[in-house]
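Below is one structure, written out as C-alpha cells, with a few remarks after it.
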Amino acid sequence: MNLALIPLTIMLLLNDTTHLPSNLMSTQKPMINSDQPTTQKCNIIVDEYDAILMWNDVKYLRNYESDTKGLERGKKIGEVSFKVNGNVCLGYRIKNGDATWAEIGTPIYQVKGYSEKFRVFVGNVLYEANENPDTKKIEDFFDISGKVKKVTLEYIDKNDKVYSVDLSDEDTSQFAAEFLSLDHVPFQKIYKSLPPRPQEYMVIIYLHDGSSSRTLYWFKENAFIHGYGNDKIKKIMVDYVDQLMKKAQSHK
C-alpha cells in the first residue's frame, strides 16, 4: 500500500458505497455501459478511486509496494467486466467484475501458491483482499501461514520521516501466528473505536518469495485494519514501539 494513499484507502474501507470528497470528483460526461445503471443524468461523476477490484464478493485493493518478481500467475479465473473510474455517479456500489482502474477485458489470474481469497493478479498487477463477508478469522483470507520471513514496524512522523525496526526471528514467528488467529472485524467497527487522530504504525510482512503485505496498526488501541490484537501481540509490540519512539525523539 502506497503510504500517500492511506487516507484515501481508509475512506474506501469505511464506505461500501465508495463515496469520495468533492475535490476527488469530476463533472465530465461519463461513458455508458449497458450493464450498469445509466449515468447520463449525473452532474457529478467519480474518477479518482484508488485501485480496487470486486470479485466473487471479495473486495481487493492493489498492493503498490510489494516486489512481485518471485510471484507467478496461476490459471485465469475471469476478466474485468466494467471500469468504474469516470463512468459512475457518486454513491455507486461496486459490483462483482468491477475494477476502478483496469480496463474492461483485463484478465484476472490466481497467484500461484496463494488462495484467490487473498491474492489475485489483475493483468500483471497484484491485488490483495481487503473485505470478505465470509471470513471469521484473519487467516481465512490472509494466506501467509508458513510463508513469513520477516516483520517490520514503521512509524512516520509529522515531517514524513520514516523510522523502522525489524522484529526478532522469534517475535516474527509468534506475531504471525497470533495475527492470523485473530477474529476478523470489519474496519467500519474498528474505525468507530479509534480516537481522533490516533497514532498509527505500519506493519510490513515480508514473505519468503520476496513479496510483502502491509497493514495499519494502532498500538494504544491494539487494533489492525482487519481486527483487534490480543494480549500476546500487545506484549510483542510494546518494545518495538518504544524503540521507534526513541528513534523519533532522538531526531527532533
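Following the order of the C-alpha cells, first chain is A, next is B, and so on, with residues numbered from 1 inside each chain and ligands from 1 in the order they appear.
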Exercise. Could you name the residues that touch A:Ile233 at 12 Å or less, counting only C-alpha atoms, but leaving out those on the same chain fewer than 3 positions away, as number ranges by chain?
Worked result: A: 167, 171-182, 217-224, 227-230, 236-241
For this session: Using DSSP on the backbone, list every residue of stretch 41-214 of chain A that comes out as helix (DSSP H, G or I), and give them as an MDAnalysis selection string.
Result: chainID A and resid 138:140 169:181 187:193
Exercise. Where does DSSP see strand (DSSP E) in stretch 93-156 of chain A, if you list the residues as JSON, numbers by chain?
Worked result: {"A": [98, 99, 107, 108, 109, 110, 111, 119, 120, 121, 122, 125, 126, 127, 128, 129, 130, 131, 148, 149, 150, 151, 152, 153, 154, 155, 156]}
Could you list, with a cut-off of 10 Å and counting only C-alpha atoms, the residues of stretch 30-123 of chain A near stretch 138-161 of chain A, each shown with its nearest atom pair and the distance in Å rounded to one decimal, rows sorted by chain and ascending number, as CSV?
residue,atom,partner,partner_atom,distance
A:Val58,CA,A:Phe141,CA,9.8
A:Gly113,CA,A:Asp143,CA,9.2
A:Tyr114,CA,A:Asp143,CA,6.3
A:Ser115,CA,A:Asp143,CA,6.4
A:Glu116,CA,A:Phe141,CA,8.5
A:Lys117,CA,A:Phe141,CA,5.4
A:Phe118,CA,A:Phe141,CA,5.0
A:Arg119,CA,A:Asp143,CA,8.3
